[in-house]
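J.: Okay, handing you the structure first.
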Amino acid sequence: MRIYASRVVTLTLLCVGLSGACTYDSTPPGDDKINDSKPLIMIDANGLGADRRVEIRVTDALGTVTTATAAEKTDGTGRLLYPLHLARGTRSYDLRIIVDANANGLFNDSTTDLRYSVTAATIASDTEMKNLRLSVTDFPALP
């Protein structure tokens, strides 16, 4: 019994010590959730200005969704790397990306904020992944 207790304590300390905490999911997702593929557009834009907020607006099979939070912004080098998952069944989509270039917290300043737009872009299947590589020249200033 003493050996069993020491092994339990050792395993518990090992688990907590290595990862900080151990978790167990008594209701793990099934294969239908694990293999639930959706179209993916990997946005990779460079040269947009360091630490600038970004608004991403996409219209897919579910309609228009706008994402603009503190988490959506360029990194310290002006790069935006963002995985955009579309709704399952989407075969055509519109995409608009606005960069708050002057860092005033607004996404509508003409001649300063940058915008990339594409209308009626297509995607072939739910398992497709498109790499959308952009540079600052793809982002004209808002009119």
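So you can find residues: chains in the structure tokens are A, B, ... in the order shown, residues in each start at 1, and ligands are numbered from 1 in order.
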Write out as a list in words the residues lying within 7 Å of Arg115 of chain A, counting only C-alpha atoms and excluding same-chain residues fewer than 5 positions away.
T.: Arg96, Ile97, Ile98, Val99, Phe139, Pro140, Ala141 and Leu142 of chain A
J.: Name all residues at most 10 Å from Gly63 of chain A (count only C-alpha atoms; drop same-chain ones fewer than 2 positions away) and give them as a ChimeraX atom specification.
T.: /A:58-61,65,87,93-94
J.: At a cut-off of 6 Å, using only C-alpha atoms, what residues contact Thr127 of chain A? Leave out same-chain residues fewer than 6 positions from it and give the result as a compact mmCIF listing (two decimals) with all heavy atoms, in the first residue's frame.
T.:
# COMPACT_ATOMS: atom_id res chain seq x y z
N SER A 37 -14.28 19.80 -41.35
CA SER A 37 -13.44 20.71 -42.11
C SER A 37 -14.25 21.89 -42.64
O SER A 37 -15.42 21.76 -43.00
CB SER A 37 -12.77 19.98 -43.26
OG SER A 37 -13.74 19.40 -44.10
N LYS A 38 -13.60 23.03 -42.66
CA LYS A 38 -14.17 24.26 -43.19
C LYS A 38 -13.11 24.89 -44.08
O LYS A 38 -11.92 24.73 -43.84
CB LYS A 38 -14.53 25.22 -42.05
CG LYS A 38 -15.59 24.68 -41.13
CD LYS A 38 -15.81 25.62 -39.97
CE LYS A 38 -16.78 25.01 -38.99
NZ LYS A 38 -16.84 25.73 -37.73
N PRO A 39 -13.54 25.65 -45.08
CA PRO A 39 -12.54 26.34 -45.91
C PRO A 39 -11.72 27.30 -45.06
O PRO A 39 -12.23 27.93 -44.14
CB PRO A 39 -13.39 27.11 -46.92
CG PRO A 39 -14.74 26.48 -46.89
CD PRO A 39 -14.90 25.90 -45.53
J.: With distances taken over only C-alpha atoms, which residue among A:Val54, A:Met129, A:Val136, A:Ile123 lies nearest Pro83 of chain A?
T.: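 Under the stated criterion, the closest residue is A:Met129.
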J.: Which residues are near Thr77 of chain A? Cut-off 9 Å, only C-alpha atoms, ignore same chain within fewer than 2 positions. Put them as a list of chain:residue names.
T.: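 Contacts, in chain order: A:Asn46, A:Gly47, A:Leu48, A:Gly49, A:Ala50, A:Asp51, A:Thr74, A:Asp75, A:Arg79.
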J.: Find the residues around Ala45 of chain A up to 8 Å (only C-alpha atoms counted), leave out those fewer than 6 positions away in its own chain, and share them as a list in words.
T.: Arg79, Leu80, Leu81, Leu132, Arg133, Leu134, Ser135 and Val136 of chain A
J.: Compare A:Ala68, A:Asp100, A:Ile41, A:Thr111 by their minimum atom-to-atom distance to Leu86 of chain A, counting only C-alpha atoms, and give me the closest one.
T.: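 Nearest candidate to Leu86 of chain A out of A:Ala68, A:Asp100, A:Ile41, A:Thr111: A:Ile41.
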J.: Taking the DSSP secondary structure from the backbone, can you list the residues of segment 1-142 of chain A that are strand (DSSP E or B), as a CSV table (one decimal) with N, CA and C atoms, in the first residue's frame?
T.:
chain,number,residue,atom,x,y,z
A,40,LEU,N,-10.4,27.4,-45.4
A,40,LEU,CA,-9.5,28.2,-44.6
A,40,LEU,C,-8.8,29.2,-45.6
A,41,ILE,N,-8.8,30.4,-45.2
A,41,ILE,CA,-7.9,31.4,-45.9
A,41,ILE,C,-6.9,31.9,-44.9
A,42,MET,N,-5.6,31.6,-45.2
A,42,MET,CA,-4.5,32.0,-44.4
A,42,MET,C,-4.0,33.4,-44.9
A,43,ILE,N,-4.4,34.4,-44.2
A,43,ILE,CA,-4.0,35.8,-44.5
A,43,ILE,C,-2.6,36.0,-44.0
A,44,ASP,N,-1.7,36.4,-44.9
A,44,ASP,CA,-0.3,36.7,-44.6
A,44,ASP,C,0.1,38.0,-45.2
A,45,ALA,N,0.0,39.1,-44.5
A,45,ALA,CA,0.2,40.4,-45.0
A,45,ALA,C,1.4,41.1,-44.3
A,46,ASN,N,2.3,41.8,-45.1
A,46,ASN,CA,3.5,42.4,-44.6
A,46,ASN,C,3.6,43.9,-44.9
A,53,ARG,N,-4.2,48.0,-35.3
A,53,ARG,CA,-5.4,47.3,-35.2
A,53,ARG,C,-5.9,47.0,-36.6
A,54,VAL,N,-6.6,45.8,-36.8
A,54,VAL,CA,-7.1,45.4,-38.1
A,54,VAL,C,-8.5,45.0,-38.0
A,55,GLU,N,-9.3,45.4,-38.9
A,55,GLU,CA,-10.7,45.0,-39.0
A,55,GLU,C,-10.8,44.0,-40.2
A,56,ILE,N,-11.4,42.8,-40.0
A,56,ILE,CA,-11.6,41.8,-41.1
A,56,ILE,C,-13.1,41.6,-41.2
A,57,ARG,N,-13.6,41.9,-42.4
A,57,ARG,CA,-15.0,41.7,-42.7
A,57,ARG,C,-15.1,40.7,-43.8
A,58,VAL,N,-15.8,39.6,-43.6
A,58,VAL,CA,-16.0,38.6,-44.6
A,58,VAL,C,-17.5,38.2,-44.8
A,59,THR,N,-17.9,38.1,-46.0
A,59,THR,CA,-19.2,37.6,-46.3
A,59,THR,C,-19.1,36.2,-46.9
A,60,ASP,N,-19.6,35.2,-46.2
A,60,ASP,CA,-19.5,33.8,-46.7
A,60,ASP,C,-20.9,33.2,-46.7
A,63,GLY,N,-23.2,34.8,-44.1
A,63,GLY,CA,-23.5,36.3,-44.1
A,63,GLY,C,-22.2,37.0,-43.7
A,64,THR,N,-22.4,38.3,-43.4
A,64,THR,CA,-21.3,39.2,-43.1
A,64,THR,C,-20.9,39.1,-41.6
A,65,VAL,N,-19.6,38.9,-41.4
A,65,VAL,CA,-19.1,38.8,-40.0
A,65,VAL,C,-17.9,39.8,-40.0
A,66,THR,N,-17.9,40.7,-39.0
A,66,THR,CA,-16.8,41.6,-38.8
A,66,THR,C,-16.0,41.2,-37.6
A,67,THR,N,-14.7,41.1,-37.7
A,67,THR,CA,-13.9,40.8,-36.6
A,67,THR,C,-12.9,42.0,-36.4
A,73,LYS,N,-4.5,42.4,-34.8
A,73,LYS,CA,-3.6,43.5,-35.1
A,73,LYS,C,-2.3,43.0,-35.6
A,80,LEU,N,0.7,40.7,-40.5
A,80,LEU,CA,-0.6,40.2,-40.1
A,80,LEU,C,-0.6,38.7,-40.6
A,81,LEU,N,-0.7,37.8,-39.7
A,81,LEU,CA,-0.8,36.4,-40.0
A,81,LEU,C,-2.1,35.9,-39.3
A,82,TYR,N,-3.1,35.6,-40.1
A,82,TYR,CA,-4.4,35.4,-39.5
A,82,TYR,C,-5.1,34.2,-40.3
A,83,PRO,N,-5.5,33.2,-39.5
A,83,PRO,CA,-6.3,32.1,-40.2
A,83,PRO,C,-7.8,32.5,-40.2
A,84,LEU,N,-8.4,32.6,-41.3
A,84,LEU,CA,-9.8,32.9,-41.5
A,84,LEU,C,-10.6,31.7,-41.9
A,85,HIS,N,-11.3,31.2,-41.0
A,85,HIS,CA,-12.2,30.0,-41.3
A,85,HIS,C,-13.5,30.5,-41.9
A,92,SER,N,-18.1,31.0,-52.6
A,92,SER,CA,-17.8,32.3,-53.0
A,92,SER,C,-17.9,33.2,-51.8
A,93,TYR,N,-16.9,34.1,-51.7
A,93,TYR,CA,-16.9,35.0,-50.5
A,93,TYR,C,-16.3,36.4,-50.9
A,94,ASP,N,-16.7,37.4,-50.1
A,94,ASP,CA,-16.2,38.7,-50.2
A,94,ASP,C,-15.3,39.0,-49.0
A,95,LEU,N,-14.2,39.7,-49.1
A,95,LEU,CA,-13.3,39.9,-48.0
A,95,LEU,C,-12.8,41.3,-48.0
A,96,ARG,N,-12.9,42.0,-46.9
A,96,ARG,CA,-12.3,43.3,-46.8
A,96,ARG,C,-11.5,43.4,-45.5
A,97,ILE,N,-10.3,43.9,-45.6
A,97,ILE,CA,-9.3,44.1,-44.5
A,97,ILE,C,-9.0,45.5,-44.4
A,98,ILE,N,-9.2,46.1,-43.3
A,98,ILE,CA,-8.9,47.6,-43.1
A,98,ILE,C,-7.8,47.6,-41.9
A,99,VAL,N,-6.8,48.3,-42.2
A,99,VAL,CA,-5.7,48.5,-41.2
A,99,VAL,C,-5.7,49.9,-40.7
A,114,LEU,N,-5.6,51.8,-44.4
A,114,LEU,CA,-5.3,51.0,-45.6
A,114,LEU,C,-6.4,50.0,-45.7
A,115,ARG,N,-6.8,49.6,-47.0
A,115,ARG,CA,-7.9,48.7,-47.2
A,115,ARG,C,-7.5,47.7,-48.3
A,116,TYR,N,-7.8,46.4,-48.1
A,116,TYR,CA,-7.7,45.4,-49.1
A,116,TYR,C,-9.1,44.8,-49.3
A,117,SER,N,-9.5,44.7,-50.6
A,117,SER,CA,-10.9,44.2,-50.8
A,117,SER,C,-10.8,43.2,-52.0
A,118,VAL,N,-11.6,42.2,-51.8
A,118,VAL,CA,-11.8,41.2,-52.9
A,118,VAL,C,-13.3,40.8,-52.9
A,119,THR,N,-13.9,40.8,-54.1
A,119,THR,CA,-15.3,40.5,-54.2
A,119,THR,C,-15.5,39.2,-55.0
A,120,ALA,N,-16.4,38.4,-54.6
A,120,ALA,CA,-16.7,37.1,-55.3
A,120,ALA,C,-15.5,36.2,-55.6
A,121,ALA,N,-14.6,36.1,-54.6
A,121,ALA,CA,-13.5,35.2,-54.7
A,121,ALA,C,-14.1,33.8,-54.5
A,122,THR,N,-13.5,32.8,-55.1
A,122,THR,CA,-14.0,31.4,-55.0
A,122,THR,C,-13.1,30.5,-54.2
A,129,MET,N,-7.5,25.1,-48.5
A,129,MET,CA,-6.8,26.1,-47.8
A,129,MET,C,-6.1,27.0,-48.8
A,130,LYS,N,-6.5,28.3,-48.8
A,130,LYS,CA,-5.9,29.3,-49.6
A,130,LYS,C,-4.9,30.1,-48.9
A,131,ASN,N,-3.7,30.3,-49.4
A,131,ASN,CA,-2.8,31.2,-48.9
A,131,ASN,C,-2.9,32.6,-49.6
A,132,LEU,N,-3.3,33.6,-48.8
A,132,LEU,CA,-3.5,34.9,-49.3
A,132,LEU,C,-2.3,35.8,-48.9
A,133,ARG,N,-1.3,35.8,-49.7
A,133,ARG,CA,0.0,36.6,-49.4
A,133,ARG,C,-0.2,38.0,-50.0
A,134,LEU,N,-0.1,39.0,-49.1
A,134,LEU,CA,-0.2,40.4,-49.4
A,134,LEU,C,0.9,41.2,-48.9
A,135,SER,N,1.2,42.3,-49.6
A,135,SER,CA,2.2,43.3,-49.1
A,135,SER,C,1.4,44.6,-49.0
A,141,ALA,N,-4.8,53.4,-49.7
A,141,ALA,CA,-5.5,54.2,-48.7
A,141,ALA,C,-7.0,54.3,-49.0
J.: Could you please determine the separation between atom CA of Gly89 of chain A and atom CA of Asp126 of chain A in Å, to one decimal place?
T.: 6.3 Å
J.: Which of these residues is nearest to Ala101 of chain A, using only C-alpha atoms: A:Asn35, A:Ala71, A:Tyr24, A:Arg52?
T.: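 Looking only at the distances to Ala101 of chain A, the closest residue turns out to be A:Arg52.
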J.: Could you pull out the alpha helix (DSSP H) residues of segment 24-134 of chain A from DSSP and send them as a list in words?
T.: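 Written out, the alpha helix (DSSP H) residues of segment 24-134 of chain A are Asp31, Asp32, Lys33 and Ile34 of chain A.
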J.: Take the residues just selected and output them with N, CA, C and O atoms as a PDB file, in the first residue's frame.
T.:
ATOM      1  N   ASP A  31     -15.627  11.954 -33.768  1.00  0.00           N
ATOM      2  CA  ASP A  31     -14.967  12.068 -35.076  1.00  0.00           C
ATOM      3  C   ASP A  31     -15.613  13.126 -35.954  1.00  0.00           C
ATOM      4  O   ASP A  31     -14.945  13.794 -36.731  1.00  0.00           O
ATOM      5  N   ASP A  32     -16.941  13.293 -35.846  1.00  0.00           N
ATOM      6  CA  ASP A  32     -17.619  14.293 -36.672  1.00  0.00           C
ATOM      7  C   ASP A  32     -17.142  15.703 -36.346  1.00  0.00           C
ATOM      8  O   ASP A  32     -17.029  16.552 -37.223  1.00  0.00           O
ATOM      9  N   LYS A  33     -16.821  15.980 -35.094  1.00  0.00           N
ATOM     10  CA  LYS A  33     -16.308  17.300 -34.707  1.00  0.00           C
ATOM     11  C   LYS A  33     -14.821  17.436 -35.039  1.00  0.00           C
ATOM     12  O   LYS A  33     -14.372  18.476 -35.484  1.00  0.00           O
ATOM     13  N   ILE A  34     -14.070  16.375 -34.820  1.00  0.00           N
ATOM     14  CA  ILE A  34     -12.630  16.415 -35.084  1.00  0.00           C
ATOM     15  C   ILE A  34     -12.368  16.582 -36.575  1.00  0.00           C
ATOM     16  O   ILE A  34     -11.484  17.317 -36.985  1.00  0.00           O
TER      17      ILE A  34
END
J.: Work out how far atom CA of Ala70 of chain A is from atom CA of Pro143 of chain A, in Å to one decimal.
T.: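 Separating atom CA of Pro143 of chain A from atom CA of Ala70 of chain A is a distance of 24.8 Å.
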